[in-house]
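First the structure, in the form of structure tokens, and then the observations on it.
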Amino acid sequence: MQELNEKIRKFGTVLPGNVLKVDAFLNHQVDPELMFHVGQEFAKRFADKGITKIWTVESSGIAPAVMTGLAMKVPVIFARKHKSLTLNNNMYVADVYSYTKKTTNRISISKKYVAPDDKILMIDDFLANGQAVEGMLEIADQAGVAVAGAGIVIEKSFQPGGKELRDRGIRVESLARIKSLADNQIEFEED
Ligand code: 5GP
């Protein structure tokens, strides 16, 4: 997505550990117009797939997820993140390890907002090692709901998450694909 790639080129900075900082438009300050276009693009790519709900993980996935829900006219659920959570019968839970933060979070979705005939589109800001998407897939599995795929704003394709998910037959649509962040240079797949 040209508009997104331009924003990344203009505002993105590289932090140690292959982390791309995009606080100017996605992870702290949010550019609503760009997010609106991101939502429209995901809606176009997953049109006619019978999506009934969007799932994401708080907090950085919420902006693109809400815009996708707006474009597709379906509700958006953000899984809550907890450092620890006692098991609760009203929640589906999964553990997600964050390589960026080196911590494990338990994510949860209330059973109240899951219907047996749901078809889920997962949205997230970044795809790196794929743990966040795996966590949502685990919850979908527990709930017995169908998953149409994952919409990712920025995929770091030099990390294994995208390949692993696609190898398992999960449809992954990424709007920007970063090939390398080596030497503090942002290199895109299509460059
Ligand atoms: P994964 O679970 O795929 O390893 O990582 C996904 C999550 O880690 C994203 O939701 C995002 O919050 C965070 N993340 C991973 N890599 C980056 C990065 O390069 N930049 C930023 N800002 N967040 C990242």
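Ligands are numbered from 1 in the order shown, residues from 1 within each chain, and chains are lettered A, B, ... in the order they appear in the structure tokens.
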> What residues have any atom no more than 9 Å from ligand 1 when counting only C-alpha atoms and all ligand atoms, and can you list them as number ranges by chain?
Replying inline: A: 14-15, 17-23, 26-27, 56-61, 96-101, 124-135, 154-156, 159-162
>> When DSSP is applied to the backbone of this structure, which of stretch 6-150 of chain A are assigned strand (DSSP E)? Write them out as a VMD selection string.
In response: chain A and resid 13 to 15 19 to 21 53 to 57 76 to 82 91 to 98 103 to 110 119 to 127 146 to 150
>> Write out as JSON, numbers by chain the set of residues from stretch 6-190 of chain A that DSSP, computed on the backbone, places in helix (DSSP H, G or I).
In response: {"A": [6, 7, 8, 9, 10, 11, 32, 33, 34, 35, 36, 37, 38, 39, 40, 41, 42, 43, 44, 45, 62, 63, 64, 65, 66, 67, 68, 69, 70, 71, 72, 111, 112, 113, 131, 132, 133, 134, 135, 136, 137, 138, 139, 140, 141, 142, 143, 161, 162, 163, 164, 165, 166, 167, 182, 183, 184]}
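For stretch 38-49 of chain A, the residues within 9 Å (counting only C-alpha atoms, excluding itself and residues fewer than 2 positions away along the chain) are Met1, Leu4, Glu33, Leu34, Met35, Phe36, Ile51, Pro64, Ala65, Val66, Met67, Thr68, Gly69, Leu70, Ala71, Met72, Lys119, Leu121, Ile123, Ala148, Gly149, Gly151, Ile152, Val153, Glu173, Ser174 and Leu175 of chain A.
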>> Set the distance at 10 Å and use only C-alpha atoms: which residues neighbour A:Ala24 once local chain neighbours fewer than 2 positions away are removed? I'd like the list as JSON, numbers by chain.
In response: {"A": [7, 8, 10, 11, 12, 13, 21, 22, 26, 27, 28, 29, 30, 31]}
>> I'd like the contact shell of A:Val76 - 6 Å cut-off, only C-alpha atoms, skipping same-chain residues fewer than 6 positions apart - returned as an MDAnalysis selection string.
In response: chainID A and resid 53:55 69
> Which polymer residues have any atom within 12 Å of an atom of A:Ile109, counting only C-alpha atoms, with same-chain residues fewer than 3 positions away left out, as a PyMOL selection string?
Replying inline: chain A and resi 55-58+76-82+88-94+106+112-115+135-140+142-143
> atom CA of A:Asp95 to atom CA of A:Met122: how many Å, to one decimal?
Replying inline: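 Taking atom CA of A:Asp95 and atom CA of A:Met122, their separation equals 16.5 Å.
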